[in-house]
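Undergrad: Contents are compact mmCIF, C-alpha atoms and all ligand atoms; file name input35.txt:
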# COMPACT_ATOMS: atom_id res chain seq x y z
CA MET A 468 -4.16 -13.90 -38.13
CA ALA A 469 -3.35 -15.78 -34.92
CA ALA A 470 -0.59 -14.32 -32.72
CA LEU A 471 2.81 -15.99 -32.95
CA PRO A 472 3.63 -18.37 -30.10
CA GLY A 473 6.22 -16.96 -27.71
CA LEU A 474 6.73 -13.78 -25.74
CA HIS A 475 4.77 -10.67 -26.62
CA ALA A 476 4.97 -7.15 -25.22
CA LEU A 477 2.41 -4.38 -25.25
CA VAL A 478 4.04 -0.96 -25.14
CA ARG A 479 2.91 2.64 -25.59
CA PRO A 480 4.90 5.60 -26.93
CA VAL A 481 6.33 8.33 -24.70
CA SER A 482 3.76 11.15 -24.61
CA ALA A 483 4.67 14.68 -25.67
CA SER A 484 3.32 15.77 -22.25
CA LEU A 485 5.61 13.43 -20.23
CA ALA A 486 7.02 16.41 -18.29
CA ASP A 487 3.57 16.79 -16.66
CA CYS A 488 3.80 13.27 -15.19
CA GLU A 489 2.71 12.27 -11.70
CA LEU A 490 5.52 12.49 -9.15
CA THR A 491 5.48 11.19 -5.59
CA HIS A 492 8.97 10.63 -4.21
CA LEU A 493 11.05 12.60 -6.70
CA ALA A 494 11.33 16.35 -7.14
CA ARG A 495 10.28 17.62 -10.56
CA THR A 496 13.29 18.17 -12.80
CA PRO A 497 13.27 19.08 -16.51
CA ILE A 498 12.59 16.04 -18.70
CA ASP A 499 13.95 15.84 -22.23
CA VAL A 500 11.05 14.11 -23.98
CA ALA A 501 13.06 13.33 -27.12
CA ARG A 502 15.77 11.68 -24.99
CA ALA A 503 13.13 9.71 -23.07
CA ALA A 504 11.62 8.56 -26.38
CA ALA A 505 15.07 7.51 -27.63
CA GLN A 506 15.65 5.48 -24.46
CA HIS A 507 12.24 3.90 -24.88
CA ALA A 508 13.16 2.96 -28.46
CA ASP A 509 16.39 1.39 -27.16
CA GLN A 510 14.38 -0.68 -24.69
CA LEU A 511 12.09 -1.90 -27.48
CA ARG A 512 15.12 -2.85 -29.59
CA ALA A 513 16.45 -4.86 -26.63
CA LEU A 514 13.10 -6.64 -26.28
CA ARG A 515 13.01 -7.51 -29.98
CA ALA A 516 16.61 -8.75 -29.85
CA LEU A 517 15.48 -11.16 -27.13
CA GLY A 518 12.80 -12.49 -29.45
CA VAL A 519 9.82 -10.58 -28.09
CA THR A 520 7.05 -9.53 -30.51
CA VAL A 521 6.26 -5.90 -29.68
CA HIS A 522 2.78 -4.39 -30.15
CA GLN A 523 2.24 -0.65 -29.91
CA VAL A 524 -0.85 0.77 -28.22
CA PRO A 525 -1.69 4.08 -29.94
CA ALA A 526 0.03 7.15 -28.48
CA ALA A 527 -1.90 9.35 -26.06
CA ASP A 528 -0.11 12.68 -25.96
CA ASP A 529 -2.69 14.13 -23.56
CA LEU A 530 -1.92 11.39 -20.97
CA PRO A 531 1.57 12.18 -19.59
CA ASP A 532 2.24 8.79 -17.98
CA ALA A 533 0.85 6.57 -20.76
CA VAL A 534 4.29 5.08 -21.50
CA PHE A 535 4.18 3.39 -18.07
CA ILE A 536 1.73 0.83 -19.38
CA GLU A 537 2.56 -1.72 -16.67
CA ASP A 538 0.31 0.09 -14.22
CA THR A 539 -2.84 -0.27 -16.35
CA ALA A 540 -3.11 -4.07 -16.45
CA VAL A 541 -1.85 -7.33 -14.99
CA VAL A 542 -1.56 -10.09 -17.58
CA LEU A 543 -1.66 -13.64 -16.23
CA ASP A 544 -1.65 -16.83 -18.29
CA GLU A 545 -5.41 -17.20 -17.94
CA ILE A 546 -6.81 -13.64 -17.86
CA ALA A 547 -5.79 -10.00 -18.02
CA ILE A 548 -6.97 -7.69 -15.29
CA VAL A 549 -7.47 -4.10 -16.36
CA THR A 550 -6.66 -2.07 -13.29
CA ARG A 551 -8.18 1.08 -11.84
CA PRO A 552 -4.96 3.11 -11.36
CA GLY A 553 -4.51 4.88 -8.06
CA ALA A 554 -3.77 8.28 -9.62
CA PRO A 555 -7.07 9.65 -11.01
CA ALA A 556 -5.21 11.36 -13.88
CA ARG A 557 -4.06 7.94 -15.09
CA ARG A 558 -7.45 6.21 -15.28
CA ALA A 559 -8.06 7.34 -18.86
CA GLU A 560 -5.06 5.23 -19.91
CA THR A 561 -6.84 1.91 -19.44
CA ALA A 562 -9.42 1.89 -22.26
CA ALA A 563 -6.91 1.64 -25.12
CA VAL A 564 -4.88 -0.95 -23.22
CA ALA A 565 -7.98 -3.10 -22.66
CA GLU A 566 -8.74 -2.95 -26.37
CA ALA A 567 -5.19 -4.03 -27.23
CA LEU A 568 -5.23 -6.91 -24.72
CA ALA A 569 -8.64 -8.28 -25.75
CA PRO A 570 -7.30 -10.48 -28.61
CA PHE A 571 -4.87 -12.17 -26.20
CA ARG A 572 -6.72 -12.81 -22.95
CA PRO A 573 -10.24 -12.80 -21.45
CA LEU A 574 -10.48 -9.46 -19.65
CA ARG A 575 -11.52 -8.64 -16.09
CA THR A 576 -11.85 -5.08 -14.82
CA MET A 577 -11.47 -3.51 -11.40
CA GLU A 578 -14.22 -1.18 -10.22
CA ALA A 579 -14.41 1.68 -7.68
CA PRO A 580 -13.57 1.96 -4.85
CA ALA A 581 -10.73 -0.46 -5.70
CA THR A 582 -7.47 1.04 -6.91
CA LEU A 583 -4.39 -0.91 -7.97
CA ASP A 584 -1.33 -0.14 -10.10
CA GLY A 585 0.28 -3.03 -11.97
CA GLY A 586 3.64 -1.83 -10.68
CA ASP A 587 2.55 -3.10 -7.27
CA VAL A 588 2.07 -6.69 -8.45
CA LEU A 589 4.95 -9.17 -8.36
CA ARG A 590 4.20 -12.71 -9.53
CA VAL A 591 6.25 -15.59 -8.17
CA GLY A 592 4.74 -18.85 -9.38
CA ARG A 593 1.14 -18.96 -8.18
CA THR A 594 1.74 -16.26 -5.56
CA LEU A 595 0.86 -12.67 -6.40
CA TYR A 596 2.61 -10.28 -4.02
CA VAL A 597 0.71 -6.99 -3.96
CA GLY A 598 2.27 -3.86 -2.51
CA ARG A 599 0.15 -1.76 -0.21
CA SER A 600 0.96 1.69 -1.57
CA LEU A 601 -0.35 5.16 -2.18
CA ARG A 602 -1.73 3.72 -5.45
CA THR A 603 -3.07 0.33 -4.36
CA ASN A 604 -5.72 0.41 -1.65
CA GLU A 605 -7.23 -2.30 0.53
CA ALA A 606 -10.26 -2.64 -1.75
CA GLY A 607 -7.83 -3.09 -4.64
CA VAL A 608 -6.01 -5.91 -2.88
CA THR A 609 -9.32 -7.61 -2.07
CA ALA A 610 -10.74 -7.24 -5.58
CA PHE A 611 -7.50 -8.50 -7.11
CA ALA A 612 -7.55 -11.55 -4.83
CA GLU A 613 -11.17 -12.31 -5.78
CA LEU A 614 -10.47 -12.01 -9.50
CA THR A 615 -7.41 -14.27 -9.41
CA ALA A 616 -8.42 -16.92 -6.83
CA PRO A 617 -10.52 -18.94 -9.33
CA PHE A 618 -7.30 -19.58 -11.29
CA GLY A 619 -5.37 -20.87 -8.30
CA TYR A 620 -3.46 -17.72 -7.36
CA ARG A 621 -2.82 -16.64 -3.79
CA VAL A 622 -2.53 -12.92 -3.06
CA GLU A 623 -0.02 -11.84 -0.41
CA PRO A 624 -0.13 -8.15 0.58
CA VAL A 625 3.30 -6.63 1.18
CA GLU A 626 4.31 -3.50 3.07
CA PHE A 627 7.17 -1.42 1.73
CA THR A 628 8.52 2.12 2.08
CA GLY A 629 10.65 4.66 0.25
CA CYS A 630 9.45 4.23 -3.32
CA LEU A 631 6.35 4.42 -5.49
CA HIS A 632 5.59 0.80 -6.35
CA LEU A 633 6.45 -2.61 -4.92
CA LYS A 634 8.40 -3.45 -8.07
CA THR A 635 10.58 -0.36 -7.62
CA ALA A 636 11.86 -2.23 -4.56
CA VAL A 637 11.80 -5.87 -5.68
CA THR A 638 11.56 -7.86 -8.90
CA ALA A 639 12.05 -11.47 -9.97
CA VAL A 640 15.29 -12.01 -11.92
CA ALA A 641 15.30 -15.80 -12.33
CA ASP A 642 13.23 -18.77 -11.17
CA GLY A 643 13.16 -18.51 -7.38
CA VAL A 644 15.50 -15.48 -7.27
CA LEU A 645 14.52 -11.92 -6.37
CA LEU A 646 16.52 -8.70 -6.64
CA LEU A 647 15.58 -6.26 -3.89
CA ASN A 648 16.48 -3.17 -1.94
CA PRO A 649 16.42 -4.31 1.71
CA ALA A 650 16.04 -0.70 2.86
CA TRP A 651 12.62 -0.55 1.19
CA VAL A 652 11.20 -4.07 1.53
CA SER A 653 11.94 -6.97 3.84
CA ALA A 654 13.28 -10.11 2.19
CA ALA A 655 11.62 -12.10 4.98
CA ARG A 656 8.27 -11.36 3.32
CA PHE A 657 9.15 -13.61 0.37
CA SER A 658 9.63 -16.97 2.03
CA GLY A 659 10.69 -19.68 -0.38
CA SER A 660 12.58 -17.31 -2.69
CA ASP A 661 16.30 -16.75 -2.75
CA TRP A 662 17.34 -13.10 -3.13
CA LEU A 663 20.18 -10.73 -3.75
CA ALA A 664 20.41 -7.11 -2.69
CA VAL A 665 21.03 -4.07 -4.84
CA ASP A 666 24.30 -2.26 -4.22
CA PRO A 667 23.53 0.27 -1.45
CA ALA A 668 24.79 3.10 -3.69
CA GLU A 669 22.08 2.22 -6.25
CA PRO A 670 18.75 2.21 -4.37
CA PHE A 671 16.63 2.19 -7.56
CA ALA A 672 18.45 -0.80 -9.08
CA GLY A 673 15.92 -3.36 -7.79
CA ASN A 674 13.72 -2.88 -10.84
CA ALA A 675 14.70 -5.44 -13.50
CA LEU A 676 12.54 -6.78 -16.31
CA ARG A 677 12.83 -10.51 -16.78
CA VAL A 678 12.60 -11.70 -20.38
CA GLY A 679 13.19 -15.43 -20.68
CA ASP A 680 16.61 -16.16 -19.20
CA ALA A 681 17.79 -12.51 -19.36
CA VAL A 682 16.87 -9.29 -17.55
CA LEU A 683 16.70 -5.75 -18.88
CA HIS A 684 18.26 -3.48 -16.28
CA GLY A 685 19.05 0.22 -16.13
CA SER A 686 22.54 0.96 -17.43
CA ALA A 687 22.99 3.49 -14.62
CA TYR A 688 23.40 0.63 -12.11
CA PRO A 689 26.74 -1.10 -12.91
CA LYS A 690 27.43 -2.18 -9.32
CA THR A 691 24.15 -4.06 -9.05
CA ARG A 692 24.65 -5.42 -12.59
CA ALA A 693 27.94 -6.95 -11.39
CA ARG A 694 26.08 -8.63 -8.52
CA LEU A 695 23.51 -10.08 -10.94
CA GLU A 696 26.19 -11.33 -13.31
CA ALA A 697 28.10 -12.89 -10.43
CA ARG A 698 24.93 -14.93 -9.81
CA GLY A 699 24.98 -16.14 -13.41
CA ILE A 700 22.13 -13.91 -14.53
CA ARG A 701 22.37 -12.51 -18.06
CA VAL A 702 21.89 -8.74 -17.93
CA VAL A 703 20.99 -6.55 -20.89
CA PRO A 704 21.72 -2.97 -19.77
CA VAL A 705 19.37 -0.38 -21.23
CA PRO A 706 19.38 3.41 -20.85
CA ALA A 707 16.54 4.50 -18.58
CA ASP A 708 17.67 7.58 -16.65
CA GLU A 709 15.48 10.08 -18.52
CA LEU A 710 12.35 7.97 -17.92
CA ALA A 711 13.48 7.57 -14.31
CA LYS A 712 12.96 11.33 -13.82
CA ALA A 713 9.26 10.55 -14.28
CA GLU A 714 9.60 7.85 -11.59
CA GLY A 715 9.43 4.99 -14.07
CA GLY A 716 11.72 1.95 -14.25
CA VAL A 717 12.28 -0.72 -16.88
CA THR A 718 9.34 -2.92 -15.88
CA CYS A 719 6.92 0.00 -16.21
CA CYS A 720 7.27 0.36 -19.96
CA SER A 721 5.77 -2.94 -21.10
CA LEU A 722 3.26 -5.65 -20.39
CA ILE A 723 4.98 -8.94 -21.20
CA PHE A 724 3.05 -12.15 -21.68
CA GLU A 725 3.30 -15.50 -23.40
CA VAL A 726 1.22 -16.80 -26.25
CA ALA A 727 1.08 -20.59 -26.16
CA GLY A 728 2.04 -22.57 -29.26
C1 LIG B 1 3.40 7.73 -11.93
O1 LIG B 1 3.66 8.37 -10.93
O2 LIG B 1 2.37 7.08 -12.03
C2 LIG B 1 4.37 7.76 -13.08
N1 LIG B 1 5.00 9.04 -13.15
C3 LIG B 1 5.41 6.67 -12.94
C4 LIG B 1 4.84 5.30 -13.00
C5 LIG B 1 5.87 4.24 -12.93
N2 LIG B 1 5.31 2.95 -12.99
C6 LIG B 1 5.77 1.90 -12.33
O3 LIG B 1 6.68 2.00 -11.53
N3 LIG B 1 5.16 0.74 -12.53
Would it be possible to restate this file's structure as structure tokens?
Ligand code: CIR

TA:
Amino acid sequence: MAALPGLHALVRPVSASLADCELTHLARTPIDVARAAAQHADQLRALRALGVTVHQVPAADDLPDAVFIEDTAVVLDEIAIVTRPGAPARRAETAAVAEALAPFRPLRTMEAPATLDGGDVLRVGRTLYVGRSLRTNEAGVTAFAELTAPFGYRVEPVEFTGCLHLKTAVTAVADGVLLLNPAWVSAARFSGSDWLAVDPAEPFAGNALRVGDAVLHGSAYPKTRARLEARGIRVVPVPADELAKAEGGVTCCSLIFEVAG
């Protein structure tokens, strides 16, 4: 049966082994896997309430970070690029994601020595900003540019500090509007876009997931939510603090894409 026109999301369950996740900037603290799974379920309910059709990739309890599916692929209108994640322990996540994406998009794959995490890719129109990070290397930026150029995309590498992925620091919250933490990434890098800053007391609040004319946003960030709402942006707060202990934000838990009618 053909997929329904509209927005679709690929997601993957929280793994029983989530507590063994990769950590870079955060200290390891106990993670309540059941609570993380409940928060994930809340996020999926919010997606469905916004009209998104949700598809589950089979669970992978032996892959601690599998829930952070965003890092394993970048889905554009024309193709999906299956990444080669920067953390070697995460590379086994991609096969099942590729299989799940195949009915929706022609696939391209990234090969060694390239590494790139989807969390480092921010699309603004035909520009793909790619964070240079511990996960995304120079060969990854180059390979990504070569794979996307035939479809009219321009890759812009971006430096940032203080967090794991570019989209921990900056995300798109409306057409032409970015939400960012100026302590981690320079707004000057995104010429042509308007932007608003997170509240300084909420450094991780720059990660918002745009779904149509709304954004999913961590409920732990009310001060930044107020800033978004003051700009006329519809915010759907979702619980995400247990998943945040594994260094994941709200964008990390889905791959969102459109199926044309
Ligand atoms: C990792 O370090 O790979 C995971 N513990 C967290 C990944 C979060 N993904 C994202 O920000 N796109």

Undergrad: Could you jot down the CA of Thr603 (chain A) to CA of Phe671 (chain A) separation for me, Å, one decimal place?

TA: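 That distance, rounded to one decimal, is 20.0 Å.
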
Undergrad: Provide an axis-aligned box for all listed atoms of region 567-573 of chain A, padding each side by 8 Å; report its centre and its edge lengths in Å to one decimal, as lines of an AutoDock Vina configuration file.

TA:
center_x = -7.6
center_y = -8.4
center_z = -25.0
size_x = 21.4
size_y = 24.8
size_z = 23.2

Undergrad: For Leu595 (chain A), list every protein, DNA or RNA residue within 8 Å, evaluated using all atoms listed in the file, and leave out those in the same chain fewer than 2 positions away; present the list as a PDB file with C-alpha atoms, keeping the file's coordinate frame.

TA:
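Below is the file result-v6.pdb, written as the result:
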ATOM      1  CA  VAL A 588       2.070  -6.690  -8.450  1.00  0.00           C
ATOM      2  CA  LEU A 589       4.950  -9.170  -8.360  1.00  0.00           C
ATOM      3  CA  ARG A 590       4.200 -12.710  -9.530  1.00  0.00           C
ATOM      4  CA  VAL A 591       6.250 -15.590  -8.170  1.00  0.00           C
ATOM      5  CA  GLY A 592       4.740 -18.850  -9.380  1.00  0.00           C
ATOM      6  CA  ARG A 593       1.140 -18.960  -8.180  1.00  0.00           C
ATOM      7  CA  VAL A 597       0.710  -6.990  -3.960  1.00  0.00           C
ATOM      8  CA  TYR A 620      -3.460 -17.720  -7.360  1.00  0.00           C
ATOM      9  CA  ARG A 621      -2.820 -16.640  -3.790  1.00  0.00           C
ATOM     10  CA  VAL A 622      -2.530 -12.920  -3.060  1.00  0.00           C
ATOM     11  CA  GLU A 623      -0.020 -11.840  -0.410  1.00  0.00           C
TER      12      GLU A 623
END

Undergrad: If I take CA of Ala707 (chain A) and CA of Asn674 (chain A), how far is one from the other in Å, to one decimal?

TA: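 Atom-to-atom, CA of Ala707 (chain A) and CA of Asn674 (chain A) are spaced 11.1 Å apart.
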
Undergrad: List every residue of chain A that has an atom at most 8 Å from any atom of ligand LIG 1 (chain B), and for each one report the closest atom pair and its distance in Å to one decimal, counting only C-alpha atoms and all ligand atoms, with rows sorted by chain and then by increasing residue number, as CSV.

TA:
residue,atom,partner,partner_atom,distance
A:Cys488,CA,B:LIG1,N1,4.8
A:Glu489,CA,B:LIG1,O1,4.1
A:Leu490,CA,B:LIG1,O1,4.9
A:Thr491,CA,B:LIG1,O1,6.3
A:Pro531,CA,B:LIG1,N1,7.9
A:Asp532,CA,B:LIG1,C2,5.4
A:Phe535,CA,B:LIG1,N2,5.2
A:Ile536,CA,B:LIG1,N2,7.6
A:Glu537,CA,B:LIG1,N3,5.5
A:Asp538,CA,B:LIG1,N3,5.2
A:Ala554,CA,B:LIG1,O2,6.7
A:Arg557,CA,B:LIG1,O2,7.2
A:Asp584,CA,B:LIG1,N3,7.0
A:Gly585,CA,B:LIG1,N3,6.2
A:Gly586,CA,B:LIG1,N3,3.5
A:Asp587,CA,B:LIG1,N3,7.0
A:Leu631,CA,B:LIG1,O3,6.5
A:His632,CA,B:LIG1,O3,5.4
A:Lys634,CA,B:LIG1,O3,6.7
A:Thr635,CA,B:LIG1,O3,6.0
A:Ala713,CA,B:LIG1,N1,4.7
A:Glu714,CA,B:LIG1,C3,4.6
A:Gly715,CA,B:LIG1,C5,3.8
A:Gly716,CA,B:LIG1,O3,5.7
A:Thr718,CA,B:LIG1,N3,6.5
A:Cys719,CA,B:LIG1,N3,4.1
A:Cys720,CA,B:LIG1,N2,7.7

Undergrad: Could you list, as a ChimeraX atom specification, every residue within 9 Å of Pro649 (chain A), counting all atoms listed in the file and ignoring same-chain residues fewer than 6 positions away?

TA: /A:636-637,664-665

Undergrad: Can you write just those residues out, C-alpha atoms, as a short mmCIF file (atom, residue, chain, number, x, y, z; two decimals), in the coordinates of the input?

TA:
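Written out: out-v9.cif:
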data_model
loop_
_atom_site.label_atom_id
_atom_site.label_comp_id
_atom_site.auth_asym_id
_atom_site.auth_seq_id
_atom_site.Cartn_x
_atom_site.Cartn_y
_atom_site.Cartn_z
CA ALA A 636 11.86 -2.23 -4.56
CA VAL A 637 11.80 -5.87 -5.68
CA ALA A 664 20.41 -7.11 -2.69
CA VAL A 665 21.03 -4.07 -4.84
#

Undergrad: My list of candidates is A:Arg602, A:Asp680, A:Gly619, A:Phe611. Which is closest to Ala639 (chain A) when distances are computed with all atoms listed in the file?

TA: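 The answer is A:Asp680, which sits nearest to Ala639 (chain A).
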
Undergrad: Show me, as a ChimeraX atom specification, the residues that have an atom within 10 Å of Ala501 (chain A) when counting all atoms listed in the file, minus same-chain residues fewer than 4 positions from it.

TA: /A:481-483,505-507,709

Undergrad: Of the candidates A:Pro670, A:Pro624, A:Pro480, A:Pro525, which shows the shortest atom-to-atom distance to Ala504 (chain A), using all atoms listed in the file?

TA: A:Pro480

Undergrad: Let me make sure I understand: among A:Pro472, A:Gly518, A:Pro497, A:Gly607, which one has the smallest atom-to-atom distance to Arg551 (chain A) if we use only C-alpha atoms?

TA: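 That would be A:Gly607, the residue with the smallest distance to Arg551 (chain A).
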
Undergrad: Ranking A:Leu517, A:Ala567, A:Val644, A:Ala562 by minimum distance to Thr550 (chain A) and counting only C-alpha atoms, which one comes first?

TA: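 Selected residue with least distance to Thr550 (chain A): A:Ala562.
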
Undergrad: Within 9 Å of Asp661 (chain A), counting only C-alpha atoms, which residues show up once you throw out same-chain ones fewer than 3 positions away? Write them as a list in words, please.

TA: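 The residues that qualify are Gly643, Val644, Leu645, Leu646, Ala654, Phe657 and Ser658 of chain A.
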
Undergrad: Go ahead and compute the interatomic distance for CA of Phe627 (chain A) and CA of Ala681 (chain A), in Å to one decimal.

TA: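 The value is 26.1 Å.
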
Undergrad: From the list A:Val519, A:Ala569, A:Val524, A:Ala581, which residue is nearest Glu605 (chain A) when using only C-alpha atoms?

TA: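 Distance minimum relative to Glu605 (chain A) lands on A:Ala581.
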
Undergrad: Between A:Arg599, A:Arg502, A:Arg692, A:His522, which has the minimum distance to Ser721 (chain A) (counting all atoms listed in the file)?

TA: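 Distance minimum relative to Ser721 (chain A) lands on A:His522.
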
Undergrad: As a count of residues only, please: the residues near Gln523 (chain A) (cut-off 12 Å, only C-alpha atoms, same-chain neighbours under 3 positions excluded).

TA: 23
